[in-house]
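The structure file final-v5.csv is reproduced below (CSV, C-alpha atoms).
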chain,number,residue,atom,x,y,z
A,1,GLU,CA,0.0,0.0,0.0
A,2,ALA,CA,1.3,3.4,-1.0
A,3,GLN,CA,1.8,5.5,2.1
A,4,VAL,CA,3.7,8.0,4.1
A,5,THR,CA,4.5,6.9,7.7
A,6,GLN,CA,5.5,9.1,10.6
A,7,ASN,CA,6.8,8.1,14.0
A,8,PRO,CA,6.0,8.6,16.7
A,9,ARG,CA,2.3,9.6,16.4
A,10,TYR,CA,2.3,11.3,19.8
A,11,LEU,CA,5.2,12.6,21.8
A,12,ILE,CA,5.4,14.6,25.1
A,13,THR,CA,8.8,15.9,25.9
A,14,VAL,CA,10.6,18.6,27.9
A,15,THR,CA,12.3,21.7,26.9
A,16,GLY,CA,15.8,21.1,25.5
A,17,LYS,CA,15.7,17.4,25.0
A,18,LYS,CA,16.6,16.6,21.5
A,19,LEU,CA,14.1,14.6,19.5
A,20,THR,CA,13.7,13.2,16.0
A,21,VAL,CA,10.4,12.6,14.1
A,22,THR,CA,10.8,10.1,11.4
A,23,CYS,CA,9.1,10.2,8.0
A,24,SER,CA,9.2,7.5,5.4
A,25,GLN,CA,7.4,7.0,2.0
A,26,ASN,CA,7.2,4.0,-0.2
A,27,MET,CA,6.2,5.7,-3.5
A,28,ASN,CA,9.7,6.6,-4.7
A,29,HIS,CA,8.8,10.2,-4.6
A,30,GLU,CA,11.5,12.8,-5.1
A,31,TYR,CA,9.8,15.6,-3.2
A,32,MET,CA,9.3,15.5,0.6
A,33,SER,CA,8.2,18.2,3.0
A,34,TRP,CA,7.4,19.0,6.6
A,35,TYR,CA,4.6,21.2,7.9
A,36,ARG,CA,3.3,22.2,11.2
A,37,GLN,CA,-0.3,22.9,11.9
A,38,ASP,CA,-1.5,25.3,14.6
A,39,PRO,CA,-5.1,26.5,15.3
A,40,GLY,CA,-6.1,29.5,13.3
A,41,LEU,CA,-2.8,29.5,11.3
A,42,GLY,CA,-3.4,26.6,8.9
A,43,LEU,CA,-0.3,24.7,7.9
A,44,ARG,CA,3.1,26.2,7.6
A,45,GLN,CA,6.0,24.7,5.7
A,46,ILE,CA,9.1,24.0,7.7
A,47,TYR,CA,11.5,22.4,5.2
A,48,TYR,CA,11.3,20.7,1.9
A,49,SER,CA,13.5,18.5,-0.2
A,50,MET,CA,13.6,18.1,-3.9
A,51,ASN,CA,15.8,15.0,-3.8
A,52,VAL,CA,18.5,13.3,-1.9
A,53,GLU,CA,20.9,15.7,-0.3
A,54,VAL,CA,18.8,18.7,-1.5
A,55,THR,CA,16.9,20.6,1.2
A,56,ASP,CA,15.4,24.1,1.4
A,57,LYS,CA,13.8,26.2,4.0
A,58,GLY,CA,10.1,26.8,4.1
A,59,ASP,CA,8.3,29.5,6.0
A,60,VAL,CA,9.2,28.6,9.5
A,61,PRO,CA,12.6,26.7,9.6
A,62,GLU,CA,13.9,28.2,12.9
A,63,GLY,CA,14.6,25.6,15.5
A,64,TYR,CA,14.3,22.6,13.1
A,65,LYS,CA,16.8,20.6,11.1
A,66,VAL,CA,16.2,18.0,8.4
A,67,SER,CA,18.3,15.6,6.4
A,68,ARG,CA,17.7,13.6,3.2
A,69,LYS,CA,20.3,10.9,3.0
A,70,GLU,CA,18.0,8.4,1.3
A,71,LYS,CA,15.1,9.0,-1.0
A,72,ARG,CA,12.5,7.4,1.2
A,73,ASN,CA,13.3,9.0,4.5
A,74,PHE,CA,13.1,12.7,5.6
A,75,PRO,CA,13.5,13.0,9.4
A,76,LEU,CA,12.7,16.2,11.3
A,77,ILE,CA,15.1,17.0,14.1
A,78,LEU,CA,14.4,19.4,17.0
A,79,GLU,CA,17.8,19.8,18.7
A,80,SER,CA,16.5,21.9,21.6
A,81,PRO,CA,12.8,21.9,21.6
A,82,SER,CA,10.9,24.7,23.2
A,83,PRO,CA,7.2,25.1,24.2
A,84,ASN,CA,6.4,27.2,21.1
A,85,GLN,CA,7.2,24.1,19.0
A,86,THR,CA,4.2,22.3,20.5
A,87,SER,CA,2.2,21.5,17.4
A,88,LEU,CA,0.8,19.0,15.0
A,89,TYR,CA,3.4,18.0,12.4
A,90,PHE,CA,2.8,16.5,9.0
A,91,CYS,CA,5.2,15.0,6.6
A,92,ALA,CA,4.3,14.8,2.9
A,93,SER,CA,5.7,13.5,-0.3
A,94,SER,CA,5.1,14.2,-4.0
A,95,ALA,CA,5.9,12.7,-7.4
A,96,PRO,CA,8.8,13.9,-9.6
A,97,ALA,CA,9.4,17.6,-8.9
A,98,GLY,CA,9.7,18.9,-12.5
A,99,GLY,CA,6.9,21.1,-13.7
A,100,GLY,CA,5.8,22.5,-10.4
A,101,LEU,CA,4.6,21.2,-7.2
A,102,ARG,CA,2.1,18.3,-7.5
A,103,GLU,CA,-0.4,16.5,-5.4
A,104,GLN,CA,1.1,15.7,-2.0
A,105,PHE,CA,0.5,12.6,0.0
A,106,PHE,CA,0.5,13.2,3.7
A,107,GLY,CA,1.4,11.1,6.7
A,108,PRO,CA,-1.0,10.7,9.6
A,109,GLY,CA,0.6,13.5,11.7
A,110,THR,CA,2.7,13.7,14.9
A,111,ARG,CA,1.3,15.5,17.8
A,112,LEU,CA,4.2,17.0,19.8
A,113,THR,CA,3.9,18.6,23.2
A,114,VAL,CA,6.9,20.4,24.6
A,115,LEU,CA,6.7,21.1,28.4
B,1,ALA,CA,5.4,37.6,-1.5
B,2,GLN,CA,2.9,34.8,-1.6
B,3,LYS,CA,-0.2,34.9,0.4
B,4,VAL,CA,-3.4,32.9,0.6
B,5,THR,CA,-6.5,34.3,2.4
B,6,GLN,CA,-9.5,32.2,3.4
B,7,ALA,CA,-11.7,34.8,5.0
B,8,GLN,CA,-14.4,32.5,6.1
B,9,THR,CA,-13.2,30.9,9.4
B,10,GLU,CA,-16.3,28.7,9.8
B,11,ILE,CA,-19.4,28.1,7.7
B,12,SER,CA,-22.4,26.2,8.9
B,13,VAL,CA,-25.2,25.0,6.6
B,14,VAL,CA,-28.0,22.5,6.5
B,15,GLU,CA,-27.6,19.4,4.5
B,16,LYS,CA,-28.5,19.7,0.8
B,17,GLU,CA,-27.6,23.4,0.7
B,18,ASP,CA,-25.0,24.6,-1.7
B,19,VAL,CA,-22.0,26.2,-0.2
B,20,THR,CA,-19.0,28.2,-1.6
B,21,LEU,CA,-15.6,28.4,0.1
B,22,ASP,CA,-13.6,31.5,-0.8
B,23,CYS,CA,-9.9,31.6,-1.5
B,24,VAL,CA,-8.0,34.7,-2.5
B,25,TYR,CA,-4.3,34.6,-3.3
B,26,GLU,CA,-1.4,36.9,-3.9
B,27,THR,CA,1.6,36.2,-6.0
B,28,ARG,CA,4.0,38.1,-8.3
B,29,ASP,CA,4.7,35.1,-10.5
B,30,THR,CA,2.9,34.5,-13.7
B,31,THR,CA,3.3,30.7,-13.3
B,32,TYR,CA,1.9,29.2,-10.2
B,33,TYR,CA,-0.2,26.4,-8.9
B,34,LEU,CA,-3.3,26.4,-6.7
B,35,PHE,CA,-4.5,23.5,-4.5
B,36,TRP,CA,-7.4,22.5,-2.3
B,37,TYR,CA,-7.1,20.0,0.5
B,38,LYS,CA,-9.6,18.6,2.8
B,39,GLN,CA,-9.0,17.7,6.5
B,40,PRO,CA,-12.0,15.7,7.9
B,41,PRO,CA,-12.4,15.3,11.7
B,42,SER,CA,-10.2,12.2,11.6
B,43,GLY,CA,-7.3,14.5,10.9
B,44,GLU,CA,-5.8,13.3,7.7
B,45,LEU,CA,-5.1,15.6,4.8
B,46,VAL,CA,-6.7,14.7,1.5
B,47,PHE,CA,-5.9,16.2,-1.9
B,48,LEU,CA,-8.8,17.6,-3.9
B,49,ILE,CA,-7.5,19.5,-6.9
B,50,ARG,CA,-4.5,21.2,-8.4
B,51,ARG,CA,-4.8,24.0,-11.0
B,52,ASN,CA,-2.0,25.8,-12.8
B,53,SER,CA,-2.2,29.5,-13.6
B,54,PHE,CA,-2.6,29.0,-17.3
B,55,ASP,CA,-5.7,26.9,-17.0
B,56,GLU,CA,-8.7,29.0,-16.1
B,57,GLN,CA,-11.2,26.5,-17.1
B,58,ASN,CA,-13.6,25.7,-14.3
B,59,GLU,CA,-13.5,22.1,-13.0
B,60,ILE,CA,-16.4,19.9,-11.9
B,61,SER,CA,-16.0,16.6,-10.1
B,62,GLY,CA,-19.3,15.2,-8.9
B,63,ARG,CA,-20.8,17.6,-6.4
B,64,TYR,CA,-17.6,19.6,-6.2
B,65,SER,CA,-16.7,22.5,-8.5
B,66,TRP,CA,-13.9,25.0,-8.6
B,67,ASN,CA,-14.0,28.5,-10.1
B,68,PHE,CA,-10.6,30.0,-10.9
B,69,GLN,CA,-10.6,33.7,-11.8
B,70,LYS,CA,-7.2,35.3,-12.4
B,71,SER,CA,-8.8,38.7,-12.7
B,72,THR,CA,-9.8,38.6,-9.1
B,73,SER,CA,-7.0,36.3,-7.9
B,74,SER,CA,-9.6,33.9,-6.6
B,75,PHE,CA,-10.0,30.1,-6.6
B,76,ASN,CA,-13.3,29.3,-5.0
B,77,PHE,CA,-14.7,25.9,-4.2
B,78,THR,CA,-18.4,25.1,-4.3
B,79,ILE,CA,-20.1,22.0,-2.9
B,80,THR,CA,-23.5,21.4,-4.4
B,81,ALA,CA,-26.2,19.6,-2.4
B,82,SER,CA,-23.9,19.3,0.7
B,83,GLN,CA,-23.8,16.2,2.8
B,84,VAL,CA,-22.9,15.6,6.4
B,85,VAL,CA,-19.8,13.7,5.2
B,86,ASP,CA,-18.5,17.0,3.7
B,87,SER,CA,-18.0,18.4,7.2
B,88,ALA,CA,-14.3,19.1,7.4
B,89,VAL,CA,-11.7,21.9,7.3
B,90,TYR,CA,-10.8,22.9,3.8
B,91,PHE,CA,-7.5,24.5,2.9
B,92,CYS,CA,-6.5,26.4,-0.2
B,93,ALA,CA,-2.8,26.6,-1.0
B,94,LEU,CA,-0.4,28.3,-3.5
B,95,SER,CA,2.9,27.3,-4.9
B,96,GLU,CA,5.0,29.4,-7.3
B,97,ALA,CA,6.8,27.8,-10.1
B,98,ARG,CA,10.1,29.3,-9.2
B,99,ASN,CA,10.3,27.3,-6.0
B,100,TYR,CA,8.6,24.4,-4.4
B,101,GLN,CA,7.3,26.2,-1.3
B,102,LEU,CA,3.6,25.8,-0.5
B,103,ILE,CA,1.8,28.6,1.2
B,104,TRP,CA,-1.5,27.6,2.9
B,105,GLY,CA,-4.6,29.6,3.8
B,106,ALA,CA,-5.8,29.4,7.4
B,107,GLY,CA,-8.6,27.0,6.4
B,108,THR,CA,-12.4,27.1,6.5
B,109,LYS,CA,-14.2,24.8,8.8
B,110,LEU,CA,-17.3,23.6,7.1
B,111,ILE,CA,-20.1,22.2,9.3
B,112,ILE,CA,-23.0,20.4,7.5
B,113,LYS,CA,-26.0,19.9,9.8
B,114,PRO,CA,-28.4,17.0,9.1
With the file now loaded, output its structure as structure tokens.
Amino acid sequence: EAQVTQNPRYLITVTGKKLTVTCSQNMNHEYMSWYRQDPGLGLRQIYYSMNVEVTDKGDVPEGYKVSRKEKRNFPLILESPSPNQTSLYFCASSAPAGGGLREQFFGPGTRLTVL
Amino acid sequence: AQKVTQAQTEISVVEKEDVTLDCVYETRDTTYYLFWYKQPPSGELVFLIRRNSFDEQNEISGRYSWNFQKSTSSFNFTITASQVVDSAVYFCALSEARNYQLIWGAGTKLIIKP
């Protein structure tokens, strides 16, 4: 089954404790992206990647890191989480990136709480 | 700078009514892409449509239709004969061809009452 998986689905942590949210897709998509969703703000893009070893900042990259060492994986790293990073996070992937952004397939979301 | 405005925070209608969700966008590019996504109460995000800036033809898919007007920078979404299962948050989003960023509107929560 074609899908995007994220782990963990729920995470409660404390300020300053490094964490990684994993994202994996099995559709051989070149494009992958991370978003955060906050009430009243919709979704905001954190980082995206056009292909292996190619990443770019989205609207709200501060406090986040990503890496794309393999095509299928795109982990989101919070090196020193803070309470303002409490949010619902979505990973997404999309078919070959030429010709503009296409339909994205989303993971189920990771709800992160930073105390 | 890119911007997407969904001025309707919440809409509530009775089943079988038609409802239109508004989306107004801003961009300096001549080539761009517009999207609608649905987020039902279960939380997943579901793709509905992608439209490029050179295709102003309106689209109809069953009870769903989209009206793209470049003159007013709008890409509105209409549900005809709404059903309770249409209850969801609907997002409009914009991507310029020069990059692969995606800018989202704040979303419109649609409530369909039986």
Within 7 Å of chain A: residues of chain B, using all atoms listed in the file, as a list of chain:residue names: B:Glu44, B:Leu45, B:Phe47, B:Arg50, B:Ser95, B:Ala97, B:Tyr100, B:Gln101, B:Leu102, B:Ile103, B:Trp104, B:Gly105, B:Ala106, B:Gly107
So for stretch 100-103 of chain B, what box centre and size do we get, axis-aligned, 8 Å extra on each of the six sides, every listed atom, Å to one decimal, as lines of an AutoDock Vina configuration file?
center_x = 5.2
center_y = 26.5
center_z = -1.6
size_x = 22.8
size_y = 20.2
size_z = 21.6
Using only C-alpha atoms: which of A:Leu115, A:Ala95, A:Leu88, A:Val52 has the shortest distance to A:Tyr10: A:Leu88
Shortest interatomic distance to B:Tyr32 - which of B:Ser73, B:Thr20, B:Ser82, B:Ser12, counting all atoms listed in the file: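 Distance minimum relative to B:Tyr32 lands on B:Ser73.
Closest to A:Val21 among A:Thr110, A:Ser80, A:Ser67, A:Asn51 is A:Thr110, based on all atoms listed in the file.
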Atomic distance atom CA of B:Lys3 - atom CA of B:Asp29, expressed in Å with one decimal: 12.0 Å
Length of the atom CA of B:Ile11 to atom CA of B:Leu110 vector [Å]: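 So the two atoms, atom CA of B:Ile11 and atom CA of B:Leu110, lie 5.0 Å apart.
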d(atom CA of A:Val54, atom CA of A:Arg68) in Å: 7.0 Å
Distance criterion (only C-alpha atoms): nearest to B:Asn58 out of B:Phe77, B:Leu94, B:Val46, B:Val14: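 That would be B:Phe77, the residue with the smallest distance to B:Asn58.
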Protein/DNA/RNA residues near (16.5, 12.8, 6.0), cut 10 Å, all atoms listed in the file, as a PyMOL selection string: chain A and resi 22-24+32+49+52-55+65-77
Quick one: everything within 12 Å of B:Ile112, counting only C-alpha atoms, minus sequence neighbours fewer than 2 positions away in the same chain. Send it as a compact mmCIF listing (two decimals) with C-alpha atoms, keeping the file's coordinate frame.
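Listing of result32.txt after writing:
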# COMPACT_ATOMS: atom_id res chain seq x y z
CA GLU B 10 -16.30 28.70 9.80
CA ILE B 11 -19.40 28.10 7.70
CA SER B 12 -22.40 26.20 8.90
CA VAL B 13 -25.20 25.00 6.60
CA VAL B 14 -28.00 22.50 6.50
CA GLU B 15 -27.60 19.40 4.50
CA LYS B 16 -28.50 19.70 0.80
CA GLU B 17 -27.60 23.40 0.70
CA ASP B 18 -25.00 24.60 -1.70
CA VAL B 19 -22.00 26.20 -0.20
CA PRO B 40 -12.00 15.70 7.90
CA ILE B 79 -20.10 22.00 -2.90
CA THR B 80 -23.50 21.40 -4.40
CA ALA B 81 -26.20 19.60 -2.40
CA SER B 82 -23.90 19.30 0.70
CA GLN B 83 -23.80 16.20 2.80
CA VAL B 84 -22.90 15.60 6.40
CA VAL B 85 -19.80 13.70 5.20
CA ASP B 86 -18.50 17.00 3.70
CA SER B 87 -18.00 18.40 7.20
CA ALA B 88 -14.30 19.10 7.40
CA VAL B 89 -11.70 21.90 7.30
CA LYS B 109 -14.20 24.80 8.80
CA LEU B 110 -17.30 23.60 7.10
CA PRO B 114 -28.40 17.00 9.10
Selection near B:Ser74, 6 Å with all atoms listed in the file, sequence-local residues under 5 positions removed, as an MDAnalysis selection string: chainID B and resid 23:24 68:69
12 Å contact set for stretch 11-16 of chain A, only C-alpha atoms, chain neighbours under 2 positions out, as a list in words: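 In the requested form, the answer reads Gln6, Asn7, Pro8, Arg9, Lys18, Leu19, Thr20, Val21, Gly63, Leu78, Glu79, Ser80, Pro81, Ser82, Pro83, Asn84, Gln85, Thr86, Ser87, Leu88, Tyr89, Gly109, Thr110, Arg111, Leu112, Thr113, Val114 and Leu115 of chain A.
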Quick one: write out the picked residues with C-alpha atoms as a PDB file, in the frame of the given file?
ATOM      1  CA  GLN A   6       5.500   9.100  10.600  1.00  0.00           C
ATOM      2  CA  ASN A   7       6.800   8.100  14.000  1.00  0.00           C
ATOM      3  CA  PRO A   8       6.000   8.600  16.700  1.00  0.00           C
ATOM      4  CA  ARG A   9       2.300   9.600  16.400  1.00  0.00           C
ATOM      5  CA  LYS A  18      16.600  16.600  21.500  1.00  0.00           C
ATOM      6  CA  LEU A  19      14.100  14.600  19.500  1.00  0.00           C
ATOM      7  CA  THR A  20      13.700  13.200  16.000  1.00  0.00           C
ATOM      8  CA  VAL A  21      10.400  12.600  14.100  1.00  0.00           C
ATOM      9  CA  GLY A  63      14.600  25.600  15.500  1.00  0.00           C
ATOM     10  CA  LEU A  78      14.400  19.400  17.000  1.00  0.00           C
ATOM     11  CA  GLU A  79      17.800  19.800  18.700  1.00  0.00           C
ATOM     12  CA  SER A  80      16.500  21.900  21.600  1.00  0.00           C
ATOM     13  CA  PRO A  81      12.800  21.900  21.600  1.00  0.00           C
ATOM     14  CA  SER A  82      10.900  24.700  23.200  1.00  0.00           C
ATOM     15  CA  PRO A  83       7.200  25.100  24.200  1.00  0.00           C
ATOM     16  CA  ASN A  84       6.400  27.200  21.100  1.00  0.00           C
ATOM     17  CA  GLN A  85       7.200  24.100  19.000  1.00  0.00           C
ATOM     18  CA  THR A  86       4.200  22.300  20.500  1.00  0.00           C
ATOM     19  CA  SER A  87       2.200  21.500  17.400  1.00  0.00           C
ATOM     20  CA  LEU A  88       0.800  19.000  15.000  1.00  0.00           C
ATOM     21  CA  TYR A  89       3.400  18.000  12.400  1.00  0.00           C
ATOM     22  CA  GLY A 109       0.600  13.500  11.700  1.00  0.00           C
ATOM     23  CA  THR A 110       2.700  13.700  14.900  1.00  0.00           C
ATOM     24  CA  ARG A 111       1.300  15.500  17.800  1.00  0.00           C
ATOM     25  CA  LEU A 112       4.200  17.000  19.800  1.00  0.00           C
ATOM     26  CA  THR A 113       3.900  18.600  23.200  1.00  0.00           C
ATOM     27  CA  VAL A 114       6.900  20.400  24.600  1.00  0.00           C
ATOM     28  CA  LEU A 115       6.700  21.100  28.400  1.00  0.00           C
TER      29      LEU A 115
END
Expected answer as a ChimeraX atom specification: all residues with atoms within 7 Å of (4.0, -1.5, 1.9), all atoms listed in the file: /A:1-2,26
Pick from B:Gln6, B:Thr108, B:Ser71, B:Asn99 nearest to B:Tyr33, counting only C-alpha atoms: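 That would be B:Asn99, the residue with the smallest distance to B:Tyr33.
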Contacts of B:Thr30 at 9 Å (all atoms listed in the file; same-chain gap of 5+ positions) as an NGL selection string: :B and (53-54 or 96-97)
For B:Thr78, the nearest of the candidates B:Leu34, B:Lys113, B:Ile60, B:Ala93, counting all atoms listed in the file: B:Ile60
What would stretch 100-111 of chain B look like with all heavy atoms restored, written as an mmCIF file, in the coordinates of the input?
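New file selection07.cif:
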data_model
loop_
_atom_site.group_PDB
_atom_site.id
_atom_site.type_symbol
_atom_site.label_atom_id
_atom_site.label_comp_id
_atom_site.auth_asym_id
_atom_site.auth_seq_id
_atom_site.Cartn_x
_atom_site.Cartn_y
_atom_site.Cartn_z
ATOM 1 N N TYR B 100 9.488 25.496 -4.699
ATOM 2 C CA TYR B 100 8.600 24.400 -4.400
ATOM 3 C C TYR B 100 7.995 24.628 -2.953
ATOM 4 O O TYR B 100 7.586 23.684 -2.307
ATOM 5 C CB TYR B 100 9.196 23.073 -4.537
ATOM 6 C CG TYR B 100 9.267 22.710 -5.995
ATOM 7 C CD1 TYR B 100 10.235 23.269 -6.822
ATOM 8 C CD2 TYR B 100 8.343 21.848 -6.567
ATOM 9 C CE1 TYR B 100 10.278 22.961 -8.168
ATOM 10 C CE2 TYR B 100 8.384 21.528 -7.910
ATOM 11 C CZ TYR B 100 9.359 22.099 -8.702
ATOM 12 O OH TYR B 100 9.400 21.791 -10.037
ATOM 13 N N GLN B 101 7.974 25.890 -2.535
ATOM 14 C CA GLN B 101 7.300 26.200 -1.300
ATOM 15 C C GLN B 101 5.808 26.103 -1.478
ATOM 16 O O GLN B 101 5.301 26.310 -2.582
ATOM 17 C CB GLN B 101 7.676 27.578 -0.787
ATOM 18 C CG GLN B 101 9.093 27.702 -0.301
ATOM 19 C CD GLN B 101 9.342 29.044 0.344
ATOM 20 O OE1 GLN B 101 8.471 29.562 1.056
ATOM 21 N NE2 GLN B 101 10.495 29.608 0.108
ATOM 22 N N LEU B 102 5.098 25.814 -0.407
ATOM 23 C CA LEU B 102 3.600 25.800 -0.500
ATOM 24 C C LEU B 102 3.112 26.660 0.660
ATOM 25 O O LEU B 102 3.423 26.436 1.838
ATOM 26 C CB LEU B 102 3.134 24.348 -0.303
ATOM 27 C CG LEU B 102 1.635 24.149 -0.515
ATOM 28 C CD1 LEU B 102 1.242 24.532 -1.945
ATOM 29 C CD2 LEU B 102 1.245 22.703 -0.240
ATOM 30 N N ILE B 103 2.345 27.665 0.257
ATOM 31 C CA ILE B 103 1.800 28.600 1.200
ATOM 32 C C ILE B 103 0.280 28.251 1.378
ATOM 33 O O ILE B 103 -0.456 28.193 0.389
ATOM 34 C CB ILE B 103 1.902 30.043 0.743
ATOM 35 C CG1 ILE B 103 3.384 30.372 0.514
ATOM 36 C CG2 ILE B 103 1.276 31.005 1.738
ATOM 37 C CD1 ILE B 103 4.246 30.267 1.745
ATOM 38 N N TRP B 104 -0.132 28.079 2.630
ATOM 39 C CA TRP B 104 -1.500 27.600 2.900
ATOM 40 C C TRP B 104 -2.343 28.786 3.452
ATOM 41 O O TRP B 104 -1.853 29.671 4.158
ATOM 42 C CB TRP B 104 -1.483 26.537 3.972
ATOM 43 C CG TRP B 104 -0.764 25.291 3.581
ATOM 44 C CD1 TRP B 104 0.597 25.150 3.435
ATOM 45 C CD2 TRP B 104 -1.344 24.021 3.286
ATOM 46 N NE1 TRP B 104 0.881 23.852 3.074
ATOM 47 C CE2 TRP B 104 -0.276 23.141 2.981
ATOM 48 C CE3 TRP B 104 -2.652 23.533 3.263
ATOM 49 C CZ2 TRP B 104 -0.495 21.803 2.650
ATOM 50 C CZ3 TRP B 104 -2.855 22.201 2.940
ATOM 51 C CH2 TRP B 104 -1.787 21.357 2.641
ATOM 52 N N GLY B 105 -3.621 28.731 3.133
ATOM 53 C CA GLY B 105 -4.600 29.600 3.800
ATOM 54 C C GLY B 105 -4.826 29.017 5.230
ATOM 55 O O GLY B 105 -4.402 27.902 5.548
ATOM 56 N N ALA B 106 -5.519 29.792 6.041
ATOM 57 C CA ALA B 106 -5.800 29.400 7.400
ATOM 58 C C ALA B 106 -6.851 28.292 7.525
ATOM 59 O O ALA B 106 -7.025 27.695 8.582
ATOM 60 C CB ALA B 106 -6.179 30.584 8.256
ATOM 61 N N GLY B 107 -7.558 28.071 6.432
ATOM 62 C CA GLY B 107 -8.600 27.000 6.400
ATOM 63 C C GLY B 107 -9.967 27.541 6.746
ATOM 64 O O GLY B 107 -10.132 28.546 7.448
ATOM 65 N N THR B 108 -10.959 26.860 6.192
ATOM 66 C CA THR B 108 -12.400 27.100 6.500
ATOM 67 C C THR B 108 -12.996 25.873 7.057
ATOM 68 O O THR B 108 -12.960 24.818 6.402
ATOM 69 C CB THR B 108 -13.142 27.568 5.238
ATOM 70 O OG1 THR B 108 -12.601 28.784 4.746
ATOM 71 C CG2 THR B 108 -14.627 27.751 5.553
ATOM 72 N N LYS B 109 -13.528 25.996 8.248
ATOM 73 C CA LYS B 109 -14.200 24.800 8.800
ATOM 74 C C LYS B 109 -15.647 24.816 8.366
ATOM 75 O O LYS B 109 -16.401 25.772 8.558
ATOM 76 C CB LYS B 109 -14.173 24.935 10.374
ATOM 77 C CG LYS B 109 -14.797 23.725 11.055
ATOM 78 C CD LYS B 109 -14.657 23.799 12.565
ATOM 79 C CE LYS B 109 -15.226 22.554 13.225
ATOM 80 N NZ LYS B 109 -15.063 22.594 14.692
ATOM 81 N N LEU B 110 -16.007 23.741 7.699
ATOM 82 C CA LEU B 110 -17.300 23.600 7.100
ATOM 83 C C LEU B 110 -18.127 22.592 7.990
ATOM 84 O O LEU B 110 -17.690 21.450 8.172
ATOM 85 C CB LEU B 110 -17.271 23.108 5.697
ATOM 86 C CG LEU B 110 -18.593 22.866 4.987
ATOM 87 C CD1 LEU B 110 -19.402 24.152 4.899
ATOM 88 C CD2 LEU B 110 -18.360 22.270 3.602
ATOM 89 N N ILE B 111 -19.268 23.039 8.469
ATOM 90 C CA ILE B 111 -20.100 22.200 9.300
ATOM 91 C C ILE B 111 -21.434 21.985 8.507
ATOM 92 O O ILE B 111 -22.106 22.964 8.157
ATOM 93 C CB ILE B 111 -20.429 22.810 10.648
ATOM 94 C CG1 ILE B 111 -19.117 23.032 11.411
ATOM 95 C CG2 ILE B 111 -21.391 21.943 11.456
ATOM 96 C CD1 ILE B 111 -19.273 23.902 12.644
#
